[in-house]
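Undergrad: Okay, so here is coords.cif, and as you'll see once you scroll down, it has mmCIF, C-alpha atoms.
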data_run
#
loop_
_atom_site.label_atom_id
_atom_site.label_comp_id
_atom_site.auth_asym_id
_atom_site.auth_seq_id
_atom_site.Cartn_x
_atom_site.Cartn_y
_atom_site.Cartn_z
CA MET W 1 1.44 67.44 13.52
CA ILE W 2 -0.15 64.73 15.59
CA PRO W 3 -3.86 64.24 14.76
CA GLN W 4 -6.19 65.71 17.39
CA ARG W 5 -8.12 63.18 19.42
CA ARG W 6 -9.07 62.87 23.05
CA THR W 7 -6.27 63.51 25.48
CA SER W 8 -5.15 60.71 27.75
CA VAL W 9 -7.14 62.15 30.68
CA GLN W 10 -10.84 62.83 31.26
CA ILE W 11 -12.27 65.09 33.97
CA SER W 12 -15.84 65.21 35.22
CA ALA W 13 -17.29 66.93 38.27
CA ARG W 14 -20.01 66.13 40.80
CA HIS W 15 -21.30 69.02 42.90
CA SER W 16 -23.18 69.23 46.17
CA ASP W 17 -23.71 72.22 48.49
CA SER W 18 -20.23 72.44 49.87
CA THR W 19 -18.29 69.81 47.96
CA THR W 20 -17.07 69.24 44.44
CA ILE W 21 -15.71 65.84 43.54
CA PHE W 22 -13.54 65.68 40.44
CA ASP W 23 -13.47 62.23 38.87
CA ILE W 24 -10.26 61.98 36.89
CA SER W 25 -9.46 59.09 34.60
CA GLY W 26 -6.38 58.38 32.53
CA ASP W 27 -2.77 59.46 32.92
CA ILE W 28 -1.85 62.93 34.17
CA ASP W 29 1.24 64.21 32.37
CA LEU W 30 2.61 67.26 30.59
CA ALA W 31 -0.02 66.90 27.85
CA ASN W 32 -2.92 67.55 30.19
CA SER W 33 -1.71 68.78 33.61
CA PRO W 34 -2.32 72.43 32.56
CA GLU W 35 -5.98 71.50 32.07
CA ILE W 36 -6.16 69.87 35.51
CA ARG W 37 -4.50 72.93 37.05
CA LYS W 38 -6.96 75.29 35.36
CA VAL W 39 -10.02 73.32 36.49
CA LEU W 40 -8.73 73.03 40.05
CA LEU W 41 -7.76 76.66 40.47
CA ARG W 42 -11.09 77.84 39.07
CA GLU W 43 -12.92 75.68 41.58
CA VAL W 44 -10.84 76.97 44.47
CA ARG W 45 -10.11 80.60 43.65
CA GLU W 46 -13.23 81.60 41.72
CA LYS W 47 -15.95 79.35 43.13
CA ARG W 48 -14.36 79.04 46.58
CA THR W 49 -15.87 75.59 47.05
CA PRO W 50 -15.34 74.69 50.72
CA ARG W 51 -14.25 71.12 49.99
CA VAL W 52 -12.61 69.99 46.74
CA VAL W 53 -12.14 66.24 46.43
CA MET W 54 -10.01 64.59 43.76
CA ASN W 55 -11.02 61.03 42.85
CA LEU W 56 -7.80 59.50 41.50
CA SER W 57 -8.95 55.86 41.51
CA ASN W 58 -8.84 55.73 37.72
CA VAL W 59 -5.55 57.58 37.39
CA ARG W 60 -2.80 55.12 36.62
CA TYR W 61 0.06 57.60 36.33
CA ILE W 62 0.91 61.10 37.55
CA ASP W 63 4.10 62.89 36.50
CA SER W 64 5.87 65.79 38.19
CA SER W 65 3.78 68.37 36.33
CA GLY W 66 0.63 66.63 37.62
CA VAL W 67 2.00 66.69 41.15
CA ALA W 68 2.76 70.39 40.70
CA SER W 69 -0.88 71.01 39.70
CA LEU W 70 -2.09 69.20 42.82
CA VAL W 71 0.32 71.23 44.97
CA GLU W 72 -1.04 74.44 43.44
CA GLY W 73 -4.58 73.31 44.25
CA LEU W 74 -3.56 72.51 47.81
CA LYS W 75 -1.79 75.84 48.32
CA ALA W 76 -4.68 77.84 46.87
CA SER W 77 -7.10 75.94 49.15
CA ARG W 78 -4.98 76.58 52.22
CA ASP W 79 -4.70 80.27 51.40
CA LEU W 80 -8.51 80.48 51.47
CA ASN W 81 -9.02 78.10 54.40
CA LEU W 82 -10.70 75.53 52.17
CA ARG W 83 -10.16 71.78 52.12
CA PHE W 84 -8.43 69.87 49.35
CA ILE W 85 -8.69 66.08 49.52
CA LEU W 86 -7.31 63.19 47.45
CA PHE W 87 -8.54 59.61 47.40
CA GLY W 88 -7.96 56.37 45.48
CA LEU W 89 -4.23 56.71 44.81
CA SER W 90 -2.73 54.08 42.50
CA PRO W 91 0.66 52.58 43.45
CA SER W 92 2.36 54.91 40.96
CA ALA W 93 0.56 58.02 42.25
CA ARG W 94 1.37 57.08 45.84
CA GLU W 95 5.02 56.54 44.90
CA VAL W 96 5.42 60.00 43.35
CA LEU W 97 3.86 61.67 46.38
CA GLN W 98 6.18 59.67 48.62
CA LEU W 99 9.22 60.50 46.48
CA SER W 100 8.36 64.20 46.65
CA ARG W 101 7.67 63.93 50.41
CA LEU W 102 4.16 65.23 49.84
CA LEU W 103 2.13 62.22 50.93
CA LYS W 104 1.79 63.54 54.48
CA ILE W 105 1.13 67.08 53.31
CA PHE W 106 -2.04 66.17 51.41
CA GLU W 107 -5.23 64.93 53.04
CA VAL W 108 -5.36 61.42 51.50
CA TYR W 109 -8.02 58.71 51.92
CA ASP W 110 -8.46 55.25 50.49
CA ASN W 111 -11.97 55.72 49.11
CA GLU W 112 -14.81 58.18 48.59
CA ASP W 113 -16.77 57.20 51.72
CA GLN W 114 -13.76 57.93 53.90
CA ALA W 115 -13.02 61.16 52.07
CA LEU W 116 -16.58 62.47 52.45
CA SER W 117 -17.00 61.43 56.07
CA SER W 118 -13.75 63.06 57.12
CA MET R 119 30.15 46.78 9.37
CA ARG R 120 28.78 48.11 12.64
CA GLN R 121 25.76 50.34 12.10
CA ARG R 122 25.78 53.71 13.85
CA ASP R 123 23.07 56.31 13.77
CA THR R 124 23.36 60.08 13.50
CA THR R 125 24.13 60.57 17.20
CA GLY R 126 26.91 57.97 17.18
CA VAL R 127 24.99 55.33 19.11
CA SER R 128 25.72 51.77 18.03
CA LEU R 129 22.68 49.86 16.83
CA ALA R 130 24.38 46.45 16.72
CA SER R 131 22.74 43.69 18.74
CA ASP R 132 26.12 42.49 20.01
CA ASP R 133 26.41 45.86 21.73
CA GLY R 134 23.22 45.04 23.65
CA PHE R 135 21.00 47.22 21.48
CA LEU R 136 17.30 46.49 22.07
CA LEU R 137 15.05 49.31 20.91
CA LYS R 138 15.16 52.73 19.26
CA LEU R 139 12.30 55.22 19.35
CA GLN R 140 12.20 58.40 17.29
CA LEU R 141 9.57 60.91 18.27
CA LEU R 142 8.59 64.55 18.01
CA SER R 143 8.72 66.74 21.09
CA ASP R 144 4.95 66.62 21.47
CA PRO R 145 3.69 65.87 25.02
CA LYS R 146 0.89 63.75 23.55
CA LEU R 147 3.55 61.17 22.68
CA LEU R 148 4.69 60.71 26.29
CA PHE R 149 1.81 58.28 26.74
CA VAL R 150 3.12 56.18 23.84
CA VAL R 151 6.69 56.07 25.15
CA ARG R 152 5.48 55.08 28.63
CA GLY R 153 3.62 52.17 27.06
CA ALA R 154 6.78 51.02 25.28
CA MET R 155 8.91 51.37 28.42
CA GLU R 156 6.40 49.45 30.53
CA ARG R 157 6.52 46.51 28.11
CA LEU R 158 10.29 46.62 27.61
CA THR R 159 11.05 46.68 31.35
CA GLU R 160 8.62 43.80 31.83
CA ILE R 161 10.32 41.53 29.30
CA PHE R 162 13.69 42.65 30.67
CA GLY R 163 12.68 41.11 34.00
CA PHE R 164 12.32 44.11 36.29
CA SER R 165 9.98 43.97 39.28
CA PRO R 166 6.73 45.99 39.06
CA PRO R 167 8.10 48.82 41.28
CA ASP R 168 11.28 49.00 39.18
CA ARG R 169 9.24 49.01 35.97
CA ARG R 170 7.30 51.99 37.28
CA SER R 171 10.53 53.72 38.36
CA ILE R 172 12.22 53.34 34.98
CA THR R 173 9.10 54.37 33.08
CA ARG R 174 8.75 57.42 35.34
CA ALA R 175 12.41 58.40 34.89
CA VAL R 176 12.23 58.18 31.09
CA ASP R 177 8.93 60.09 31.06
CA GLU R 178 10.35 62.85 33.27
CA ALA R 179 13.53 63.09 31.20
CA LEU R 180 11.47 63.46 28.01
CA THR R 181 9.27 66.04 29.73
CA ASN R 182 12.37 68.06 30.63
CA ILE R 183 13.63 67.89 27.05
CA MET R 184 10.26 69.08 25.72
CA ARG R 185 9.93 71.90 28.23
CA HIS R 186 13.47 73.11 28.67
CA CYS R 187 15.56 72.01 25.67
CA TYR R 188 12.86 72.74 23.12
CA ASN R 189 10.92 75.40 25.06
CA GLY R 190 7.59 73.75 24.38
CA ARG R 191 8.02 73.41 20.60
CA THR R 192 6.20 70.26 19.53
CA ASP R 193 7.96 69.55 16.22
CA GLN R 194 11.53 68.87 17.32
CA PRO R 195 13.32 65.48 17.16
CA ILE R 196 14.02 63.24 20.12
CA GLU R 197 15.62 59.81 19.98
CA VAL R 198 15.48 57.16 22.68
CA TYR R 199 17.86 54.17 22.57
CA CYS R 200 17.46 51.24 24.92
CA SER R 201 20.17 48.63 25.37
CA ARG R 202 21.30 45.90 27.71
CA VAL R 203 24.52 46.77 29.52
CA PRO R 204 26.77 44.42 31.50
CA PRO R 205 26.81 44.57 35.27
CA PRO R 206 29.28 46.86 37.00
CA SER R 207 32.22 45.07 38.62
CA GLY R 208 31.30 43.07 41.69
CA THR R 209 27.67 42.51 40.75
CA LEU R 210 25.89 39.83 38.75
CA ALA R 211 22.94 41.44 37.09
CA ASP R 212 22.72 43.27 33.76
CA GLY R 213 21.20 46.69 33.43
CA LEU R 214 18.93 48.56 31.07
CA GLN R 215 20.51 51.68 29.60
CA VAL R 216 18.29 54.38 28.13
CA LEU R 217 19.93 57.14 26.08
CA LEU R 218 17.80 60.18 25.32
CA CYS R 219 19.13 62.48 22.59
CA ASP R 220 17.87 65.88 21.52
CA GLN R 221 19.17 68.67 19.29
CA GLY R 222 18.39 71.54 21.66
CA PRO R 223 20.92 74.01 23.05
CA ALA R 224 23.50 72.71 25.53
CA VAL R 225 22.21 72.21 29.06
CA ASP R 226 23.84 73.99 31.99
CA PRO R 227 24.92 71.06 34.20
CA SER R 228 24.41 73.18 37.32
CA LYS R 229 20.68 73.15 36.53
CA LEU R 230 20.56 69.35 36.62
CA ARG R 231 20.77 69.01 40.39
CA GLY R 232 17.06 69.31 41.20
CA ARG R 233 15.63 71.30 44.06
CA ARG R 234 15.45 70.64 47.78
CA LEU R 235 12.25 69.01 48.94
CA ASP R 236 11.82 70.73 52.28
CA GLU R 237 9.69 73.47 50.76
CA ILE R 238 6.16 72.78 49.55
CA LYS R 239 5.99 74.33 46.12
CA PRO R 240 5.01 73.22 42.64
CA GLY R 241 7.67 72.40 40.06
CA GLY R 242 11.25 71.15 40.06
CA LEU R 243 10.38 67.57 40.98
CA GLY R 244 11.20 65.83 37.70
CA LEU R 245 14.96 65.62 38.22
CA HIS R 246 14.43 64.42 41.74
CA PHE R 247 12.21 61.60 40.46
CA ILE R 248 14.82 60.63 37.85
CA ARG R 249 17.66 60.51 40.38
CA GLN R 250 15.56 58.55 42.86
CA SER R 251 14.54 56.04 40.20
CA MET R 252 17.77 55.22 38.38
CA ASP R 253 21.21 53.85 39.37
CA THR R 254 23.08 56.10 36.93
CA VAL R 255 22.08 59.51 35.59
CA GLU R 256 24.57 61.30 33.33
CA TYR R 257 24.51 64.19 30.91
CA GLN R 258 26.87 64.72 27.96
CA ARG R 259 27.02 67.19 25.11
CA VAL R 260 27.96 65.20 21.99
CA GLY R 261 28.43 67.44 18.96
CA SER R 262 25.18 69.34 18.57
CA ALA R 263 23.19 66.87 20.66
CA ASN R 264 22.33 66.59 24.33
CA ARG R 265 22.64 63.03 25.55
CA PHE R 266 21.05 61.93 28.82
CA ARG R 267 22.12 58.47 29.95
CA LEU R 268 19.98 56.58 32.44
CA VAL R 269 20.82 53.09 33.71
CA LYS R 270 18.95 50.75 36.02
CA TYR R 271 20.39 47.36 37.05
CA LEU R 272 18.33 44.28 37.69
CA GLN R 273 18.23 43.09 41.27
CA PRO R 274 20.12 39.76 41.32
CA VAL R 275 17.97 36.75 42.24
CA THR R 276 19.30 35.34 45.50
CA GLU R 277 19.54 31.58 46.16
CA ALA R 278 16.71 31.86 48.70
CA ARG R 279 14.40 33.45 46.12
CA ARG R 280 15.40 31.19 43.23
CA PRO R 281 12.56 28.79 42.32
#
What would you get if you wrote out this structure as structure tokens?
TA:
Amino acid sequence: MIPQRRTSVQISARHSDSTTIFDISGDIDLANSPEIRKVLLREVREKRTPRVVMNLSNVRYIDSSGVASLVEGLKASRDLNLRFILFGLSPSAREVLQLSRLLKIFEVYDNEDQALSS
Amino acid sequence: MRQRDTTGVSLASDDGFLLKLQLLSDPKLLFVVRGAMERLTEIFGFSPPDRRSITRAVDEALTNIMRHCYNGRTDQPIEVYCSRVPPPSGTLADGLQVLLCDQGPAVDPSKLRGRRLDEIKPGGLGLHFIRQSMDTVEYQRVGSANRFRLVKYLQPVTEARRP
């Protein structure tokens, strides 16, 4: 068994009336994408937050399971007419969204100011 | 005498052998392998985008082994062999070959095609990333092992770009 220690990703949330911003830091991969998915879907399906914003500026790497979690968040948001926004994509994160032809499907901004004023 | 390991892969440096990693099928170790691949591709001379591509392909291949070959069990063996391979005929630049070996059940090759991308749905993207990232992607059943072979060739330096 591998000793338990912090996973390679950390998630914190900032809330205002209609918006939740998730600040993610670390790599998103198979070890932690289920956690990201759970947090996202709870925010969308249970809390029905009108605008969920993912701050990915400190995410260096996203794998296909991480992309799948983001797609689930997006689909759940669309089903409930809520908004799901990404900002601060690293080169690697941008590449995987381009490779999966999802970059134009997501609402993507360069930084938090742009994301919140959109 | 030429050294060979349990999966029949040559570990002799004159065969281009560079690095062998042995790991358990625990997703927490993906982070470690990515670190090794980032450094190896850097010293090999790949460009930053190619380093990211190779690292992504190896990470996705390992993820597939953990999820599908070992069904999420975290205590199963995986071996990763990296070696320098000569250029294919007609080109000048060497390549980096990565062999990933596991002891899971044989893989149905028809499931290695990846899905179409025209539908927005989660899942099924890993194989697509691997195929987009690498020049060669092959699967072989060797004895009781699955062997995934990934190769990426260096981009030759042109005269105009040569310092």
Undergrad: If the PyMOL selection byres ((chain W) within 6 of (chain R)) were run on this exact file, what residues would it hold? Put them as a count of residues only.
TA: 5
Undergrad: So the first atom is atom CA of Val59 of chain W and the second is atom CA of Glu160 of chain R; what is the distance between them in Å, to one decimal place?
TA: 20.5 Å
Undergrad: Give the answer as one residue: which of W:Gly26, W:Asp17, W:Ser69, W:Ser12 has the shortest atom-to-atom distance to Leu40 of chain W, using only C-alpha atoms?
TA: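 That would be W:Ser69, the residue with the smallest distance to Leu40 of chain W.
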Undergrad: Once the PyMOL selection byres ((chain R and resi 199) around 9) is applied to the coordinates I shared, what remains selected? I want it as a list in words.
TA: Val127, Leu129, Phe135, Leu136, Leu137, Lys138, Leu139, Gln140, Glu197, Val198, Cys200, Ser201, Gln215, Val216, Leu217, Leu218 and Cys219 of chain R
Undergrad: Going by the chain IDs and residue numbers used in this file, which residues fall under the PyMOL selection byres ((chain R and resi 269) around 6)? Write them as a list in words.
TA: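 Applying the expression gives Leu214, Gln215, Met252, Asp253, Thr254, Leu268 and Lys270 of chain R.
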Undergrad: Looking at W:Ser117, W:Asn111, W:Asn81, W:Gln98, which one is nearest to Pro50 of chain W, with distances taken over all atoms listed in the file?
TA: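 For Pro50 of chain W, the nearest of the given residues is W:Asn81.
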Undergrad: For Asp27 of chain W, list every protein, DNA or RNA residue within 9 Å, evaluated using all atoms listed in the file, and leave out those in the same chain fewer than 6 positions away; present the list as a PyMOL selection string.
TA: (chain W and resi 8-10+58-63) or (chain R and resi 149)
Undergrad: When you draw a straight line from atom CA of Ser33 of chain W to atom CA of Gln258 of chain R, how long is it in Å?
TA: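 A separation of 29.4 Å between them.
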Undergrad: Hey, what's within 12 Å of Thr19 of chain W if we count all atoms listed in the file and toss same-chain stuff fewer than 3 positions away? As number ranges by chain, please?
TA: W: 13-16, 22, 43-44, 47-54, 82-85, 115-117
Undergrad: Kindly export the residues of the current selection with C-alpha atoms, as a PDB file, in the frame of the given file.
TA:
ATOM      1  CA  ALA W  13     -17.290  66.930  38.270  1.00  0.00           C
ATOM      2  CA  ARG W  14     -20.010  66.130  40.800  1.00  0.00           C
ATOM      3  CA  HIS W  15     -21.300  69.020  42.900  1.00  0.00           C
ATOM      4  CA  SER W  16     -23.180  69.230  46.170  1.00  0.00           C
ATOM      5  CA  PHE W  22     -13.540  65.680  40.440  1.00  0.00           C
ATOM      6  CA  GLU W  43     -12.920  75.680  41.580  1.00  0.00           C
ATOM      7  CA  VAL W  44     -10.840  76.970  44.470  1.00  0.00           C
ATOM      8  CA  LYS W  47     -15.950  79.350  43.130  1.00  0.00           C
ATOM      9  CA  ARG W  48     -14.360  79.040  46.580  1.00  0.00           C
ATOM     10  CA  THR W  49     -15.870  75.590  47.050  1.00  0.00           C
ATOM     11  CA  PRO W  50     -15.340  74.690  50.720  1.00  0.00           C
ATOM     12  CA  ARG W  51     -14.250  71.120  49.990  1.00  0.00           C
ATOM     13  CA  VAL W  52     -12.610  69.990  46.740  1.00  0.00           C
ATOM     14  CA  VAL W  53     -12.140  66.240  46.430  1.00  0.00           C
ATOM     15  CA  MET W  54     -10.010  64.590  43.760  1.00  0.00           C
ATOM     16  CA  LEU W  82     -10.700  75.530  52.170  1.00  0.00           C
ATOM     17  CA  ARG W  83     -10.160  71.780  52.120  1.00  0.00           C
ATOM     18  CA  PHE W  84      -8.430  69.870  49.350  1.00  0.00           C
ATOM     19  CA  ILE W  85      -8.690  66.080  49.520  1.00  0.00           C
ATOM     20  CA  ALA W 115     -13.020  61.160  52.070  1.00  0.00           C
ATOM     21  CA  LEU W 116     -16.580  62.470  52.450  1.00  0.00           C
ATOM     22  CA  SER W 117     -17.000  61.430  56.070  1.00  0.00           C
TER      23      SER W 117
END
Undergrad: How many Å separate atom CA of Asp220 of chain R from atom CA of Ile196 of chain R?
TA: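 Atom-to-atom, atom CA of Asp220 of chain R to atom CA of Ile196 of chain R, that is 4.9 Å.
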Undergrad: For each of W:Leu89, W:Ile36, W:Leu41, W:Ile21, take the minimum atom-to-atom distance to Asp110 of chain W, counting all atoms listed in the file, then give the residue where this is smallest.
TA: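 So, comparing all the options, the nearest one is W:Leu89.
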Undergrad: Which residues are near Leu210 of chain R? Cut-off 10 Å, all atoms listed in the file, ignore same chain within fewer than 4 positions. Put them as a list in words.
TA: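 Non-adjacent residues within range: Pro204, Pro205, Pro206, Tyr271, Leu272, Gln273, Pro274 and Val275 of chain R.
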Undergrad: Just C-alpha atoms for this one: save the residues we selected as a PDB file, in the coordinates of the input.
TA:
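As written to disk, again.pdb reads:
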ATOM      1  CA  PRO R 204      26.770  44.420  31.500  1.00  0.00           C
ATOM      2  CA  PRO R 205      26.810  44.570  35.270  1.00  0.00           C
ATOM      3  CA  PRO R 206      29.280  46.860  37.000  1.00  0.00           C
ATOM      4  CA  TYR R 271      20.390  47.360  37.050  1.00  0.00           C
ATOM      5  CA  LEU R 272      18.330  44.280  37.690  1.00  0.00           C
ATOM      6  CA  GLN R 273      18.230  43.090  41.270  1.00  0.00           C
ATOM      7  CA  PRO R 274      20.120  39.760  41.320  1.00  0.00           C
ATOM      8  CA  VAL R 275      17.970  36.750  42.240  1.00  0.00           C
TER       9      VAL R 275
END
Undergrad: Have a look at W:Ser92, W:Ser57, W:Ser100, W:Ser65 and name the one nearest to Ile28 of chain W; count all atoms listed in the file.
TA: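 So, comparing all the options, the nearest one is W:Ser65.
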Undergrad: Between W:Asp79, W:Asp23, W:Leu74, W:Arg45, which has the minimum distance to Leu102 of chain W (counting all atoms listed in the file)?
TA: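 Closest candidate: W:Leu74.
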Undergrad: Please determine, counting all atoms listed in the file, which residue among W:Lys104, W:Tyr109, W:Asp29, W:Arg78 has the shortest atom-to-atom distance to Gly66 of chain W.
TA: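 Closest to Gly66 of chain W of all the choices is W:Asp29.
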